[in-house]
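Report on one structure; see the data block that follows.
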Amino acid sequence: MSPSDYLLSNEQLIEVLSLTNTATAIHVTEDAIIQLANDAMLQIWNKDSSVIGKTLEDALPELKGQPFIEMFKRVWNEGITISGTDTPADLIVNGKLQTLYFDFEYRAIKNAEGNTICILHTATDITDRFLGKQAIERAIEKEEALQREQALNEELAAANEELGAANEELNAINDELQETQNTLNNLNNELEERIFDRTLKLFTSQENLEKLNKELHDSETKLDQILSQLPAPVVVLEGPNQVITTTNDSLLSFWDKTREQVMGKPMLEVFPELTNQRFPALWKHVFETGEVITNRETQVIFNRPNGGKRLFYVDYYYQPLKDTEGNTTAVLATVIDVTDKVLSRQRVEEAENKLRMAIESSELGTWYYDVEKREYVFSDRLKQIFGFYPEDEVTNELATQQITDEYRDEVVRLVNEAITNNTNYQVEYAITGFHDKQLRWIRATGKLYPAHGVHPANFSGIVMDITDLKVEEQRKDDFISIASHELKTPTTALKASLQLLDRMKEKPSPIFPKLIEQANRSMDKITGLIDELLNSTRTTEGQLHLNKATFTIADMLNSCCNHVRMAGKHKLILQGDEHLQVFADEHRIDQVVVNLVNNAVKYAPDSIEIYFIVEKLGDMAKISVKDTGPGISADKIPHLFTRYYRADYAGSQYSGLGLGLYISSEIIKRHGGQIGVDTELGKGSTFWFTLPLK
Ligand code: ADP
């Protein structure tokens with residue numbers, strides 16, 4: 001027998017398969033036509049063999065809507081195996097649809113070409129196992145649930161306990177709360193009462209407030225009216241930023257602004273030009289301290305709208321405005337423009353200053369006598385003239401006492417007369433200085449000014465120190481008397497000589513020539529004096545003409561002063577540079593030298609030797625006339641070269657007009673030279689002058 005002889009036929013195979021305990025079926029086509037199903041399978045299906053040859057759906061219509069028919073389709077078409085465990089399937093068992101659980105496998109059996117020829121369907125009903133397992137699981141779950149419940153119960157009991165305690169606490173709190181609630185209720189009631197009370201009061205005060213408000217409004221309106229009509233310019237600057245809250249027309253016109261331009265704006269925003277002026281600091285001070293500040297005639301500069309500046313002078317009064325608690329809330333500023341007043345006063349002051357300067361530069365003293373109060377005010381210069389110090393308290397009596405006895409009564413009389421009769425007063429008198437005891441001459445002029453406006457009647461005037469004038473006048477008087485006297489001597493001598501000659505004219509006598517000589521000498525003297533007078537006048541009138549030429553000084557000196565040489569009493573000795581030449585008017589210089597020599601002869605008669613000294617000093621020649629006479633005291637030296645000055649004019653020891661040195665100095669000055677004297681009492685005098693060499 002060949003092995004194939006042993007092989008089972010298909011029917012045999014199917015029979016074998018149908019005998020296995022494992023439920024087995026073989027299906028063909030995608031509709032899973034049941035070709036074979038063993039008993040185990042038919043048992044599962046709860047069908048008999050009549051299902052063989054039917055599609056699965058026809059055999060088990062309850063499978064419709066379950067996934068299995070679809071799975072067979074996929075296994076047949078895709079040639080795959082689908083298996084599952086514990087898979088539920090709803091099948092009709094004993095006429096009732098029941099859910100059974102299976103482990104199953106649908107396996108595609110393929111031929112050599114790989115095409116599915118049938119599906120091997122095996123299944124094991126594990127419903128009991130599954131349900132048992134489920135029951136166990138449920139029992140376990142139940143047990144666990146029980147355990148959990150127990151644990152939870154325990155926890156719950158503990159929590160309950162805690163809760164009980166908490167509850168107690170809560171109750172206690174609740175009680176407290178209740179109490180508080182009660183108190184609160186009471187308070188609430190009280191509060192409500194009070195609020196009611198207050199509201200009532202509020203209503204009343206609201207009414208009052210409205211009334212007050214109206215009153216306030218009325219008074220504000222009134223205040224505004226008053227302010228706007230007030231001639232004094234005022235502004236209220238509110239708060240630290242000085243916001244303009246109120247002002248009036250008067251100030252607006254001073255500011256040259258409209259109400260709209262300023263109201264509600266900070267002062268410095270409207271007038272930035274005030275920032276660097278003194279005012280903001282003052283407003284701040286008043287605002288912070290509540291102090292009042294007033295000031296007069298203060299300069300303020302405003303910008304003009306079209307550029308440029310406007311300068312004003314103002315009197316201002318800054319006072320704090322306070323609230324009911326005494327806090328300063330604003331500054332009330334009153335600003336009065338006093339520019340016109342200040343400017344006109346400045347003009348008056350300027351004029352007064354000019355007058356004062358004029359008076360001071362003229363060295364005039366002034367006095368002011370208040371007729372009503374009988375009070376004198378003396379200027380410092382007047383005090384000085386009267387020999388007082390500026391700090392001395394000078395009364396009219398004291399000043400009157402300084403007038404010399406000779407004039408005092410007369411001056412007092414003239415003053416009274418001028419005041420009574422309203423006449424001008426003019427008088428010259430002498431005084432003795434209070435401190436320095438110096439005699440001074442005064443010319444006083446005064447006038448009564450009747451009362452006008454605020455000025456009382458006053459008797460005012462000026463005094464002038466005319467001492468120098470008086471001295472000059474005195475000197476002139478003296479000079480005239482001296483000149484007359486000087487002229488009188490030779491004139492008398494001339495007259496005497498002429499009378500004698502007249503008497504002897506019939507019978508000439510041997511003394512005739514002597515008389516003629518005497519008459520000539522007298523005539524020379526007169527001519528000399530007249531020359532001197534004429535020279536002096538010419539010099540004063542600037543008519544001194546110079547005829548300059550170059551000459552040798554020594555020659556000029558040797559030929560001059562022959563009258564002295566001839567008289568023989570003095571020796572003229574020439575020293576120094578004999579060749580030195582100058583460019584000058586020889587005749588005038590000769591005249592100067594003669595003057596100096598004559599003076600030496602006159603005032604130093606015992607000085608036998610008179611020296612001429614010629615020196616060259618740079619581009620100048622210096623010529624000195626030196627005697628060894630009495631010399632001149634230092635206090636007289638400054639006056640020697642002035643007109644009419646005679647050092648010893650009161651004495652009559654020496655004759656002279658006091659013109660010689662004056663004329664000499666004028667001549668030298670006209671030549672551009674200098675003249676002077678070196679002298680000391682008891683040591684002789686050296687009069688010198690210089691001349692330009694060219
Ligand atoms: P006069 O001689 O006419 O008085 P002068 O002008 O010549 O006038 O002199 C002025 C004064 O100067 C004199 O009065 C005299 O006192 C003083 N004097 C001038 N020369 C001398 C001298 N050489 N020595 C002393 N005194 C002099």
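Chain identifiers are assigned as A, B, and so on, following the order in which chains appear in the structure tokens; residues are numbered from 1 within each chain, and ligands are numbered from 1 in order of appearance.
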Wanna dump the chain A-ligand 1 contacts at 8 Å for me, each residue with its shortest atom pair and the distance in Å to one decimal, counting only C-alpha atoms and all ligand atoms, ordered by chain and number, as JSON lines?
{"residue": "A:Asn595", "atom": "CA", "partner": "ligand 1", "partner_atom_place_in_ligand_line": "7 (O)", "distance": 6.5}
{"residue": "A:Leu596", "atom": "CA", "partner": "ligand 1", "partner_atom_place_in_ligand_line": "20 (N)", "distance": 6.6}
{"residue": "A:Val597", "atom": "CA", "partner": "ligand 1", "partner_atom_place_in_ligand_line": "23 (N)", "distance": 7.6}
{"residue": "A:Asn599", "atom": "CA", "partner": "ligand 1", "partner_atom_place_in_ligand_line": "20 (N)", "distance": 4.5}
{"residue": "A:Ala600", "atom": "CA", "partner": "ligand 1", "partner_atom_place_in_ligand_line": "23 (N)", "distance": 3.9}
{"residue": "A:Val601", "atom": "CA", "partner": "ligand 1", "partner_atom_place_in_ligand_line": "23 (N)", "distance": 7.4}
{"residue": "A:Lys602", "atom": "CA", "partner": "ligand 1", "partner_atom_place_in_ligand_line": "23 (N)", "distance": 7.5}
{"residue": "A:Tyr603", "atom": "CA", "partner": "ligand 1", "partner_atom_place_in_ligand_line": "24 (N)", "distance": 4.6}
{"residue": "A:Ala604", "atom": "CA", "partner": "ligand 1", "partner_atom_place_in_ligand_line": "24 (N)", "distance": 5.5}
{"residue": "A:Lys626", "atom": "CA", "partner": "ligand 1", "partner_atom_place_in_ligand_line": "23 (N)", "distance": 7.7}
{"residue": "A:Asp627", "atom": "CA", "partner": "ligand 1", "partner_atom_place_in_ligand_line": "23 (N)", "distance": 6.4}
{"residue": "A:Gly629", "atom": "CA", "partner": "ligand 1", "partner_atom_place_in_ligand_line": "24 (N)", "distance": 6.1}
{"residue": "A:Pro630", "atom": "CA", "partner": "ligand 1", "partner_atom_place_in_ligand_line": "25 (C)", "distance": 6.2}
{"residue": "A:Gly631", "atom": "CA", "partner": "ligand 1", "partner_atom_place_in_ligand_line": "25 (C)", "distance": 5.1}
{"residue": "A:Ile632", "atom": "CA", "partner": "ligand 1", "partner_atom_place_in_ligand_line": "25 (C)", "distance": 5.4}
{"residue": "A:Leu640", "atom": "CA", "partner": "ligand 1", "partner_atom_place_in_ligand_line": "12 (O)", "distance": 5.3}
{"residue": "A:Phe641", "atom": "CA", "partner": "ligand 1", "partner_atom_place_in_ligand_line": "6 (O)", "distance": 6.2}
{"residue": "A:Thr642", "atom": "CA", "partner": "ligand 1", "partner_atom_place_in_ligand_line": "6 (O)", "distance": 7.5}
{"residue": "A:Arg643", "atom": "CA", "partner": "ligand 1", "partner_atom_place_in_ligand_line": "6 (O)", "distance": 7.3}
{"residue": "A:Tyr644", "atom": "CA", "partner": "ligand 1", "partner_atom_place_in_ligand_line": "6 (O)", "distance": 7.0}
{"residue": "A:Tyr645", "atom": "CA", "partner": "ligand 1", "partner_atom_place_in_ligand_line": "10 (C)", "distance": 5.7}
{"residue": "A:Arg646", "atom": "CA", "partner": "ligand 1", "partner_atom_place_in_ligand_line": "14 (O)", "distance": 3.4}
{"residue": "A:Ala647", "atom": "CA", "partner": "ligand 1", "partner_atom_place_in_ligand_line": "16 (O)", "distance": 3.7}
{"residue": "A:Asp648", "atom": "CA", "partner": "ligand 1", "partner_atom_place_in_ligand_line": "16 (O)", "distance": 5.1}
{"residue": "A:Tyr649", "atom": "CA", "partner": "ligand 1", "partner_atom_place_in_ligand_line": "14 (O)", "distance": 6.5}
{"residue": "A:Tyr654", "atom": "CA", "partner": "ligand 1", "partner_atom_place_in_ligand_line": "4 (O)", "distance": 7.4}
{"residue": "A:Ser655", "atom": "CA", "partner": "ligand 1", "partner_atom_place_in_ligand_line": "4 (O)", "distance": 6.7}
{"residue": "A:Gly656", "atom": "CA", "partner": "ligand 1", "partner_atom_place_in_ligand_line": "3 (O)", "distance": 3.3}
{"residue": "A:Leu657", "atom": "CA", "partner": "ligand 1", "partner_atom_place_in_ligand_line": "3 (O)", "distance": 3.9}
{"residue": "A:Gly658", "atom": "CA", "partner": "ligand 1", "partner_atom_place_in_ligand_line": "8 (O)", "distance": 3.1}
{"residue": "A:Leu659", "atom": "CA", "partner": "ligand 1", "partner_atom_place_in_ligand_line": "6 (O)", "distance": 4.4}
{"residue": "A:Gly660", "atom": "CA", "partner": "ligand 1", "partner_atom_place_in_ligand_line": "7 (O)", "distance": 3.6}
{"residue": "A:Leu661", "atom": "CA", "partner": "ligand 1", "partner_atom_place_in_ligand_line": "6 (O)", "distance": 3.6}
{"residue": "A:Tyr662", "atom": "CA", "partner": "ligand 1", "partner_atom_place_in_ligand_line": "6 (O)", "distance": 5.6}
{"residue": "A:Ile663", "atom": "CA", "partner": "ligand 1", "partner_atom_place_in_ligand_line": "6 (O)", "distance": 7.7}
{"residue": "A:Gly684", "atom": "CA", "partner": "ligand 1", "partner_atom_place_in_ligand_line": "24 (N)", "distance": 6.9}
{"residue": "A:Ser685", "atom": "CA", "partner": "ligand 1", "partner_atom_place_in_ligand_line": "23 (N)", "distance": 5.6}
{"residue": "A:Thr686", "atom": "CA", "partner": "ligand 1", "partner_atom_place_in_ligand_line": "23 (N)", "distance": 7.3}
{"residue": "A:Phe687", "atom": "CA", "partner": "ligand 1", "partner_atom_place_in_ligand_line": "23 (N)", "distance": 7.2}
What residues in region 182-336 of chain A get the DSSP label helix (DSSP H, G or I)? Please answer as a ChimeraX atom specification.
/A:182-229,249-255,259-262,267-270,272-274,279-289
Please report the interatomic distance between CA of Phe68 (chain A) and CA of Ala89 (chain A) in Å with one decimal.
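Straight-line distance from CA of Phe68 (chain A) to CA of Ala89 (chain A) works out to 8.6 Å.
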For a quick check of understanding, using only C-alpha atoms, which of A:Met41, A:Ala108, A:Leu681, A:Val300 has the smallest distance to Phe279 (chain A)?
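With only C-alpha atoms as the atom set, the closest residue is A:Val300.
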Compare A:Glu273, A:Leu63, A:Thr29, A:Ile462 by their minimum atom-to-atom distance to Gly307 (chain A), counting only C-alpha atoms, and give me the closest one.
A:Glu273
Within 6 Å of region 76-83 of chain A, counting only C-alpha atoms, which residues show up once you throw out same-chain ones fewer than 5 positions away? Write them as number ranges by chain, please.
A: 30, 104-108, 116
Next, write the just-selected residues to a file, as a PDB file, in the first residue's frame, keeping C-alpha atoms as the atom set.
ATOM      1  CA  GLU A  30     -17.734  35.772   0.969  1.00  0.00           C
ATOM      2  CA  PHE A 104     -12.786  32.303  18.041  1.00  0.00           C
ATOM      3  CA  GLU A 105     -10.690  32.211  14.950  1.00  0.00           C
ATOM      4  CA  TYR A 106     -11.665  32.753  11.278  1.00  0.00           C
ATOM      5  CA  ARG A 107      -8.754  31.491   9.200  1.00  0.00           C
ATOM      6  CA  ALA A 108      -8.544  31.788   5.412  1.00  0.00           C
ATOM      7  CA  THR A 116      -8.839  31.577  -0.439  1.00  0.00           C
TER       8      THR A 116
END
Where in region 343-557 of chain A does DSSP assign strand (DSSP E or B), given as a ChimeraX atom specification?
/A:365-370,375-378,403,425-432,439-449,452,455,458-465,549-552
Under the rule that only C-alpha atoms are counted, which of A:Leu501, A:Ile482, A:Ala549, A:Ile610 is the nearest residue to His570 (chain A)?
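When distances to His570 (chain A) are compared using only C-alpha atoms, the smallest one comes from A:Ile610.
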Do you know which residues are at most 9 Å from region 12-19 of chain A counting only C-alpha atoms, after dropping those on the same chain fewer than 4 positions away, and could you put them as a short mmCIF file (atom, residue, chain, number, x, y, z; two decimals) with N, CA, C and O atoms, in the first residue's frame?
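What ended up in around03.cif:
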data_model
loop_
_atom_site.label_atom_id
_atom_site.label_comp_id
_atom_site.auth_asym_id
_atom_site.auth_seq_id
_atom_site.Cartn_x
_atom_site.Cartn_y
_atom_site.Cartn_z
N LEU A 8 -7.34 9.78 4.18
CA LEU A 8 -8.79 9.80 4.38
C LEU A 8 -9.47 10.52 3.24
O LEU A 8 -8.90 11.44 2.66
N ALA A 23 -15.63 23.36 18.51
CA ALA A 23 -16.63 23.73 17.52
C ALA A 23 -15.92 24.19 16.27
O ALA A 23 -15.08 25.05 16.33
N THR A 24 -16.24 23.52 15.18
CA THR A 24 -15.54 23.83 13.94
C THR A 24 -16.55 23.92 12.81
O THR A 24 -17.50 23.17 12.76
N ALA A 25 -16.29 24.86 11.91
CA ALA A 25 -17.12 24.97 10.72
C ALA A 25 -16.25 25.40 9.58
O ALA A 25 -15.20 25.96 9.78
N LEU A 36 -19.51 23.04 6.22
CA LEU A 36 -19.44 22.00 7.24
C LEU A 36 -19.56 22.67 8.59
O LEU A 36 -19.04 23.75 8.81
N ALA A 37 -20.24 22.06 9.51
CA ALA A 37 -20.29 22.53 10.90
C ALA A 37 -20.42 21.31 11.78
O ALA A 37 -21.32 20.48 11.56
N ASN A 38 -19.46 21.12 12.71
CA ASN A 38 -19.55 19.93 13.55
C ASN A 38 -20.59 20.14 14.64
O ASN A 38 -21.12 21.27 14.80
N ASP A 39 -20.81 19.09 15.37
CA ASP A 39 -21.90 19.13 16.36
C ASP A 39 -21.69 20.23 17.39
O ASP A 39 -22.64 20.91 17.80
N ALA A 40 -20.36 20.34 17.75
CA ALA A 40 -20.06 21.36 18.78
C ALA A 40 -20.48 22.76 18.29
O ALA A 40 -21.07 23.52 19.04
N MET A 41 -20.22 22.93 16.99
CA MET A 41 -20.57 24.24 16.41
C MET A 41 -22.07 24.42 16.35
O MET A 41 -22.60 25.49 16.71
#
Å distance separating CA of Gly576 (chain A) from CA of Lys622 (chain A), one decimal place:
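CA of Lys622 (chain A) lies at a distance of 10.1 Å from CA of Gly576 (chain A).
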